Amino acid sequence: MVAALEVENLTKVYGNGFEALKGINLKVEQGDFFALLGPNGAGKSTALGILCGLVQKSSGSARIMGYDVNSDVFNARRALGVVPQEFNFNQFEKVQDIVMTQAGYFGLSQAKAAVNTERLLKALDLWEKRDSISRMLSGGMKRRLMIARALVHEPKVLILDEPTAGVDIELRRSMWTFMQQLNKEGLTIILTTHYLEEAEQLCRNIAVINKGEIIISTSKRALLSQLTTETFVFDVKSALPEKLEIDNFEVKVVSEDSLEVTVEKGQSINLIFTRLTEKGIDVRSMRTKSNRLEELFVGLVQEKK
Amino acid sequence: MTALQVQWVAFKTIVVKEIRRFMRIWQQTLLPPAITMTLYFIIFGNLIGSRIGDMDGVDYMTFIVPGLIMMSVITNAYGNVASSFFSNKFQRSIEELMVAPVYPITILLGYVIGGVVRGVMVGLIVTLLSMYFTDLNVHHLGVIVAVVFMSAILFSLGGFVNAVFATKFDDISIIPTFIITPLTYLGGVFYSISLLPDFWQGVSQLNPILYMVNTFRYGVLGISDINIYLAFGMITFFIFLLGGYSLWLLHRGTGMRS
């Protein structure tokens, strides 16, 4: 089966000499939910820009569903839907017109465009706003509008560049459910995000890019298995001493009612509870300090520095 | 669906979007030329014109009407494409087209036809208004239709090139203010170039707008300061020149792709 996305030795050097991509290679299989992660300025948006025709590559190749993005522009673009990071629709047009117009650009008939537009606007809770001028929408609604617009021509591959940036938690979770449903229906999704929790929750495969190079590209499971330590935060009922030691664990008292414990791979968390109980410390709640992917990501990016 | 069918639907979509845009803001696009031209008819045609007398054998009002209609067509065709395309660039909504399977020729034709429709629509409004002030003849309908459409196409292409290079809103008003308006005023709208000394007649013949205004005037009144075949030849040449250049810019993604 042809790969949904295949990138080979892709480079981009901007006019000012800045090397944004230094020969990256990527492969995303059909049906995947793939995350491309990296710090600001790593080259994520440049790479995605080349795929959708907004940035001209310097060398290398990129294929979407087997269609070269430069030599078979027509088929490559028909296979692709794009949700960019910045709002890029006409702020003076109505919501429904924006989606219908995009359908027209992809050659959909009026009837088909109308059906798809209604279905998507309803699915994304925008149907009631269909006659509103787009600039009057909230930030979250604008994001959903761009998702509807990207899906109206029924692409095989969807690129989501920071789709939930600035979106409240409730809405973000409903968008996750929507994206998971799309993926379940067979849509290949390529996601960039700064919320690593989002990538951990949604994606099966992950690539990390930094300074124009792919540092790692593997499955989420394989990536997480590299995690050697995890830090947990314990909130306790009684006041803690300034210094606290627990055998075999690295402990840091953060405040009088909170401490952090670093657990190495293979160590039992039960043991921490036992030790704390022995010391007369009652645990009220426990949580991970950061999500697992975040710890790995920081480690990977810092290694590269 | 074949590539050709997709291009046809995309072309219609761009044209409809363009028409919807200028109709939505008709107070900025259709009303001002109607008011301005009415003032021209009253002040230059009625008040001053009555003291000027005849020009090239017709009364002054009748003489200036074709030029003013042509001026409306030219400036509105240009302004529509320049402001619409630049506004799309500015808001980044041009990316909607850049990520779609739309060929550069389709994009260009869509915007140009949008400009032509506005130019012709404003031309018709001004024509209807002018009929209140003077009786308009039709000397040669084919010439009228051809020169209006060709001039609108040419200036729509000009507006497109302007928008491609523009980086701020000022950039799309510089050319209309400092080039098109002076060339139009000096292009025989208000006078026959036969009134000028030989030297200035020669200079005037370098002004492309003179050819369009006079060809249109020939279609209406049957009088012209220039050879209309030469005029059609020049307009055609410039349409191909600017059209080719615009397509090249679109292929390169100038001002649109990084």
# chains A, B, ... in the order shown; residues from 1 in each chain; ligands from 1

call {"tool": "closest_atom_pairs", "arguments": {"of": "chain B", "to": "chain A", "cutoff": "9 Å", "atoms": "only C-alpha atoms", "output": "tab-separated table"}}
result
residue	atom	partner	partner_atom	distance
B:Met1	CA	A:Gly107	CA	8.0
B:Ala3	CA	A:Phe74	CA	7.6
B:Gln5	CA	A:Gly107	CA	6.9
B:Val6	CA	A:Gly107	CA	4.0
B:Gln7	CA	A:Gly107	CA	6.8
B:Trp8	CA	A:Gly107	CA	7.6
B:Val9	CA	A:Gly107	CA	5.0
B:Ala10	CA	A:Tyr105	CA	4.4
B:Phe11	CA	A:Tyr105	CA	7.8
B:Lys12	CA	A:Gly104	CA	8.0
B:Thr13	CA	A:Gly104	CA	5.5
B:Ile14	CA	A:Tyr105	CA	7.8
B:Lys17	CA	A:Thr101	CA	7.5
B:Arg21	CA	A:Glu93	CA	8.5
B:Ser87	CA	A:Asn90	CA	8.7
B:Asn88	CA	A:Asn90	CA	7.0
B:Gln91	CA	A:Asn88	CA	6.2
B:Arg92	CA	A:Asn88	CA	4.9
B:Ser93	CA	A:Phe89	CA	4.5
B:Ile94	CA	A:Asn88	CA	8.0
B:Glu95	CA	A:Asn88	CA	7.0
B:Glu96	CA	A:Gln102	CA	6.7
B:Leu97	CA	A:Tyr105	CA	6.8
B:Met98	CA	A:Gly53	CA	6.4
B:Val99	CA	A:Cys52	CA	5.5
B:Ala100	CA	A:Arg77	CA	5.8
B:Pro101	CA	A:Phe74	CA	4.7
B:Val102	CA	A:Tyr105	CA	6.5
B:Tyr103	CA	A:Phe74	CA	8.2
B:Gly253	CA	A:Leu54	CA	8.5
B:Met256	CA	A:Leu54	CA	7.5
B:Arg257	CA	A:Leu54	CA	5.1
B:Ser258	CA	A:Val55	CA	4.9

call {"tool": "select_by_dssp", "arguments": {"residues": "range 7-118 of chain B", "states": "alpha helix (DSSP H)", "output": "MDAnalysis selection string"}}
result
chainID B and resid 7:24 26:29 31:40 49:52 60:90 94:98 104:118

call {"tool": "select_by_dssp", "arguments": {"residues": "range 156-219 of chain A", "states": "strand (DSSP E)", "output": "VMD selection string"}}
result
chain A and resid 157 to 161 188 to 192 205 to 210 213 to 219

call {"tool": "residues_around", "arguments": {"residues": "Thr164 in chain A", "least_positions_apart": "4", "cutoff": "12 Å", "atoms": "only C-alpha atoms", "output": "number ranges by chain"}}
result
A: 83-86, 139-144, 146-147, 160, 168-176, 179, 191-199

call {"tool": "write_last_selection", "arguments": {"atoms": "N, CA and C atoms", "output": "short mmCIF file (atom, residue, chain, number, x, y, z; two decimals), in the first residue's frame"}}
result
data_model
loop_
_atom_site.label_atom_id
_atom_site.label_comp_id
_atom_site.auth_asym_id
_atom_site.auth_seq_id
_atom_site.Cartn_x
_atom_site.Cartn_y
_atom_site.Cartn_z
N VAL A 83 -5.11 22.33 7.84
CA VAL A 83 -5.58 23.28 8.86
C VAL A 83 -4.34 24.02 9.36
N PRO A 84 -4.16 25.27 8.91
CA PRO A 84 -2.93 25.98 9.28
C PRO A 84 -2.96 26.50 10.71
N GLN A 85 -1.80 26.96 11.13
CA GLN A 85 -1.66 27.47 12.49
C GLN A 85 -2.40 28.81 12.66
N GLU A 86 -2.25 29.69 11.66
CA GLU A 86 -2.86 31.02 11.74
C GLU A 86 -4.20 31.02 11.01
N GLY A 139 -12.38 32.40 19.07
CA GLY A 139 -11.16 31.73 18.61
C GLY A 139 -11.38 30.24 18.35
N GLY A 140 -12.10 29.59 19.25
CA GLY A 140 -12.36 28.16 19.10
C GLY A 140 -13.20 27.87 17.88
N MET A 141 -14.18 28.73 17.64
CA MET A 141 -15.04 28.54 16.46
C MET A 141 -14.24 28.73 15.18
N LYS A 142 -13.34 29.70 15.20
CA LYS A 142 -12.50 29.93 14.00
C LYS A 142 -11.65 28.70 13.70
N ARG A 143 -11.11 28.09 14.76
CA ARG A 143 -10.31 26.87 14.57
C ARG A 143 -11.17 25.77 13.94
N ARG A 144 -12.40 25.63 14.46
CA ARG A 144 -13.28 24.57 13.93
C ARG A 144 -13.69 24.87 12.49
N MET A 146 -11.82 26.26 10.31
CA MET A 146 -10.70 25.86 9.44
C MET A 146 -10.66 24.33 9.27
N ILE A 147 -11.10 23.62 10.31
CA ILE A 147 -11.14 22.15 10.19
C ILE A 147 -12.22 21.76 9.18
N LEU A 160 -2.81 18.96 10.43
CA LEU A 160 -3.31 19.86 11.46
C LEU A 160 -2.12 20.54 12.11
N ASP A 168 -10.07 26.28 24.66
CA ASP A 168 -10.23 25.87 26.06
C ASP A 168 -10.27 24.34 26.18
N ILE A 169 -10.07 23.87 27.40
CA ILE A 169 -9.88 22.43 27.62
C ILE A 169 -11.07 21.61 27.15
N GLU A 170 -12.27 22.10 27.46
CA GLU A 170 -13.48 21.34 27.09
C GLU A 170 -13.58 21.17 25.57
N LEU A 171 -13.34 22.29 24.89
CA LEU A 171 -13.43 22.27 23.43
C LEU A 171 -12.31 21.42 22.84
N ARG A 172 -11.12 21.53 23.46
CA ARG A 172 -9.99 20.76 22.97
C ARG A 172 -10.31 19.27 23.02
N ARG A 173 -10.93 18.87 24.11
CA ARG A 173 -11.25 17.44 24.25
C ARG A 173 -12.32 17.01 23.24
N SER A 174 -13.27 17.91 22.97
CA SER A 174 -14.29 17.54 21.97
C SER A 174 -13.66 17.48 20.58
N MET A 175 -12.66 18.34 20.35
CA MET A 175 -11.96 18.28 19.05
C MET A 175 -11.14 17.00 18.94
N TRP A 176 -10.57 16.56 20.05
CA TRP A 176 -9.82 15.29 20.05
C TRP A 176 -10.75 14.15 19.65
N MET A 179 -11.40 14.29 15.99
CA MET A 179 -10.25 13.86 15.19
C MET A 179 -10.06 12.35 15.28
N LEU A 191 -0.20 15.66 12.70
CA LEU A 191 -0.48 16.71 13.67
C LEU A 191 0.81 17.35 14.18
N THR A 192 0.82 18.66 14.25
CA THR A 192 1.89 19.30 15.03
C THR A 192 1.21 19.97 16.20
N THR A 193 1.83 19.93 17.33
CA THR A 193 1.22 20.53 18.51
C THR A 193 2.28 20.86 19.55
N HIS A 194 1.95 21.84 20.38
CA HIS A 194 2.83 22.14 21.51
C HIS A 194 2.32 21.46 22.77
N TYR A 195 1.05 20.96 22.67
CA TYR A 195 0.50 20.24 23.81
C TYR A 195 0.89 18.78 23.67
N LEU A 196 1.93 18.38 24.40
CA LEU A 196 2.42 17.02 24.22
C LEU A 196 1.43 15.99 24.75
N GLU A 197 0.58 16.45 25.66
CA GLU A 197 -0.49 15.59 26.15
C GLU A 197 -1.39 15.19 24.96
N GLU A 198 -1.58 16.17 24.07
CA GLU A 198 -2.42 15.94 22.88
C GLU A 198 -1.81 14.85 22.00
N ALA A 199 -0.50 14.97 21.77
CA ALA A 199 0.18 13.98 20.93
C ALA A 199 0.15 12.62 21.60
#

call {"tool": "residues_around", "arguments": {"residues": "Phe90 in chain B", "least_positions_apart": "5", "cutoff": "9 Å", "atoms": "only C-alpha atoms", "output": "ChimeraX atom specification"}}
result
/B:85,167-169

call {"tool": "residues_around", "arguments": {"residues": "range 43-59 of chain B", "least_positions_apart": "5", "cutoff": "8 Å", "atoms": "only C-alpha atoms", "output": "list in words"}}
result
Ile64, Tyr191, Ser192 and Ile223 of chain B

call {"tool": "write_last_selection", "arguments": {"atoms": "N, CA, C and O atoms", "output": "mmCIF file, in the first residue's frame"}}
result
data_model
loop_
_atom_site.group_PDB
_atom_site.id
_atom_site.type_symbol
_atom_site.label_atom_id
_atom_site.label_comp_id
_atom_site.auth_asym_id
_atom_site.auth_seq_id
_atom_site.Cartn_x
_atom_site.Cartn_y
_atom_site.Cartn_z
ATOM 1 N N ILE B 64 -17.529 64.298 -24.081
ATOM 2 C CA ILE B 64 -16.832 63.735 -22.891
ATOM 3 C C ILE B 64 -17.476 62.445 -22.360
ATOM 4 O O ILE B 64 -16.813 61.672 -21.673
ATOM 5 N N TYR B 191 -10.715 66.392 -23.917
ATOM 6 C CA TYR B 191 -10.372 67.218 -25.081
ATOM 7 C C TYR B 191 -9.908 66.329 -26.231
ATOM 8 O O TYR B 191 -9.507 65.180 -26.015
ATOM 9 N N SER B 192 -9.952 66.916 -27.405
ATOM 10 C CA SER B 192 -9.416 66.212 -28.574
ATOM 11 C C SER B 192 -7.943 66.563 -28.685
ATOM 12 O O SER B 192 -7.568 67.738 -28.523
ATOM 13 N N ILE B 223 -16.258 59.275 -34.270
ATOM 14 C CA ILE B 223 -15.089 60.169 -34.424
ATOM 15 C C ILE B 223 -13.944 59.658 -33.561
ATOM 16 O O ILE B 223 -14.171 59.100 -32.486
#

call {"tool": "closest_residue", "arguments": {"among": "A:Ser238, A:Thr277, A:Ser268, A:Thr231", "to": "Glu250 in chain A", "atoms": "only C-alpha atoms"}}
result
A:Thr231

call {"tool": "closest_residue", "arguments": {"among": "A:Gln267, A:Ile246, A:Thr188, A:Lys289", "to": "Phe232 in chain A", "atoms": "only C-alpha atoms"}}
result
A:Lys289

call {"tool": "closest_residue", "arguments": {"among": "A:Asp282, A:Glu242, A:Glu19, A:Glu29", "to": "Ser58 in chain A", "atoms": "only C-alpha atoms"}}
result
A:Glu19

call {"tool": "atom_distance", "arguments": {"atom1": "CA of Asp32 in chain A", "atom2": "CA of Leu182 in chain A"}}
result
11.0 Å

call {"tool": "closest_residue", "arguments": {"among": "A:Gly266, A:Leu124, A:Ala148, A:Ile190", "to": "Thr177 in chain A", "atoms": "only C-alpha atoms"}}
result
A:Leu124

call {"tool": "residues_around", "arguments": {"residues": "His140 in chain B", "least_positions_apart": "5", "cutoff": "12 Å", "atoms": "only C-alpha atoms", "output": "ChimeraX atom specification"}}
result
/B:145-147,215-223,228

call {"tool": "write_last_selection", "arguments": {"atoms": "all heavy atoms", "output": "CSV table (one decimal), in the first residue's frame"}}
result
chain,number,residue,atom,x,y,z
B,145,VAL,N,-18.4,47.1,-27.7
B,145,VAL,CA,-18.3,45.9,-26.9
B,145,VAL,C,-16.8,45.4,-26.8
B,145,VAL,O,-16.3,45.1,-25.7
B,145,VAL,CB,-19.2,44.8,-27.4
B,145,VAL,CG1,-19.0,43.5,-26.6
B,145,VAL,CG2,-20.7,45.2,-27.3
B,146,ALA,N,-16.2,45.3,-27.9
B,146,ALA,CA,-14.8,44.8,-28.0
B,146,ALA,C,-13.9,45.7,-27.2
B,146,ALA,O,-13.1,45.1,-26.3
B,146,ALA,CB,-14.3,44.7,-29.4
B,147,VAL,N,-13.9,47.0,-27.3
B,147,VAL,CA,-12.9,47.8,-26.7
B,147,VAL,C,-13.2,47.9,-25.1
B,147,VAL,O,-12.3,47.9,-24.3
B,147,VAL,CB,-12.9,49.2,-27.3
B,147,VAL,CG1,-14.0,50.1,-26.9
B,147,VAL,CG2,-11.5,49.9,-26.9
B,215,THR,N,-11.1,54.8,-29.2
B,215,THR,CA,-11.7,53.7,-29.9
B,215,THR,C,-13.2,53.6,-29.4
B,215,THR,O,-14.1,53.4,-30.2
B,215,THR,CB,-11.0,52.4,-29.6
B,215,THR,OG1,-9.6,52.6,-30.0
B,215,THR,CG2,-11.6,51.2,-30.4
B,216,PHE,N,-13.4,53.8,-28.1
B,216,PHE,CA,-14.7,53.7,-27.6
B,216,PHE,C,-15.5,54.9,-28.1
B,216,PHE,O,-16.7,54.8,-28.5
B,216,PHE,CB,-14.7,53.8,-26.0
B,216,PHE,CG,-16.0,53.6,-25.4
B,216,PHE,CD1,-16.6,52.4,-25.4
B,216,PHE,CD2,-16.7,54.7,-24.8
B,216,PHE,CE1,-17.9,52.2,-24.8
B,216,PHE,CE2,-17.9,54.5,-24.2
B,216,PHE,CZ,-18.5,53.3,-24.2
B,217,ARG,N,-14.9,56.1,-28.2
B,217,ARG,CA,-15.6,57.3,-28.7
B,217,ARG,C,-16.0,57.0,-30.2
B,217,ARG,O,-17.1,57.4,-30.6
B,217,ARG,CB,-14.7,58.5,-28.6
B,217,ARG,CG,-15.4,59.8,-29.0
B,217,ARG,CD,-14.6,61.0,-28.7
B,217,ARG,NE,-14.5,61.3,-27.3
B,217,ARG,CZ,-13.4,61.6,-26.6
B,217,ARG,NH1,-12.2,61.6,-27.2
B,217,ARG,NH2,-13.4,61.9,-25.3
B,218,TYR,N,-15.1,56.3,-30.9
B,218,TYR,CA,-15.4,56.0,-32.3
B,218,TYR,C,-16.6,55.1,-32.3
B,218,TYR,O,-17.5,55.3,-33.2
B,218,TYR,CB,-14.2,55.3,-33.0
B,218,TYR,CG,-14.5,54.8,-34.3
B,218,TYR,CD1,-14.5,55.7,-35.4
B,218,TYR,CD2,-14.9,53.5,-34.5
B,218,TYR,CE1,-14.9,55.2,-36.7
B,218,TYR,CE2,-15.3,53.0,-35.8
B,218,TYR,CZ,-15.2,53.9,-36.9
B,218,TYR,OH,-15.6,53.4,-38.1
B,219,GLY,N,-16.7,54.1,-31.5
B,219,GLY,CA,-17.9,53.2,-31.4
B,219,GLY,C,-19.2,53.9,-31.1
B,219,GLY,O,-20.2,53.6,-31.7
B,220,VAL,N,-19.1,55.0,-30.3
B,220,VAL,CA,-20.3,55.7,-30.0
B,220,VAL,C,-20.6,56.8,-31.0
B,220,VAL,O,-21.7,56.9,-31.5
B,220,VAL,CB,-20.1,56.3,-28.5
B,220,VAL,CG1,-21.4,57.2,-28.2
B,220,VAL,CG2,-19.9,55.2,-27.5
B,221,LEU,N,-19.6,57.7,-31.3
B,221,LEU,CA,-19.8,58.9,-32.1
B,221,LEU,C,-19.4,58.8,-33.5
B,221,LEU,O,-19.7,59.6,-34.3
B,221,LEU,CB,-19.2,60.1,-31.4
B,221,LEU,CG,-19.6,60.4,-30.0
B,221,LEU,CD1,-18.7,61.5,-29.4
B,221,LEU,CD2,-21.0,60.8,-29.9
B,222,GLY,N,-18.5,57.8,-33.8
B,222,GLY,CA,-17.9,57.7,-35.1
B,222,GLY,C,-16.8,58.6,-35.3
B,222,GLY,O,-16.4,58.8,-36.5
B,223,ILE,N,-16.3,59.3,-34.3
B,223,ILE,CA,-15.1,60.2,-34.4
B,223,ILE,C,-13.9,59.7,-33.6
B,223,ILE,O,-14.2,59.1,-32.5
B,223,ILE,CB,-15.4,61.6,-34.0
B,223,ILE,CG1,-16.0,61.7,-32.6
B,223,ILE,CG2,-16.3,62.3,-35.0
B,223,ILE,CD1,-16.2,63.1,-32.1
B,228,ILE,N,-8.2,53.1,-35.2
B,228,ILE,CA,-8.7,52.1,-34.2
B,228,ILE,C,-8.1,50.7,-34.4
B,228,ILE,O,-8.1,50.0,-33.5
B,228,ILE,CB,-10.3,52.1,-34.2
B,228,ILE,CG1,-10.8,51.6,-35.6
B,228,ILE,CG2,-10.9,53.4,-33.8
B,228,ILE,CD1,-12.2,51.0,-35.4

call {"tool": "closest_residue", "arguments": {"among": "B:Glu18, B:Val203, B:Met71, B:Gly158", "to": "Val117 in chain B", "atoms": "only C-alpha atoms"}}
result
B:Glu18

call {"tool": "residues_around", "arguments": {"residues": "Ala34 in chain B", "least_positions_apart": "5", "cutoff": "8 Å", "atoms": "only C-alpha atoms", "output": "PDB file with C-alpha atoms, in the first residue's frame"}}
result
ATOM      1  CA  VAL B 122     -19.920  50.394 -13.489  1.00  0.00           C
ATOM      2  CA  ILE B 125     -24.361  52.451 -14.567  1.00  0.00           C
ATOM      3  CA  VAL B 126     -22.427  55.482 -15.848  1.00  0.00           C
ATOM      4  CA  LEU B 129     -26.703  58.119 -15.886  1.00  0.00           C
TER       5      LEU B 129
END
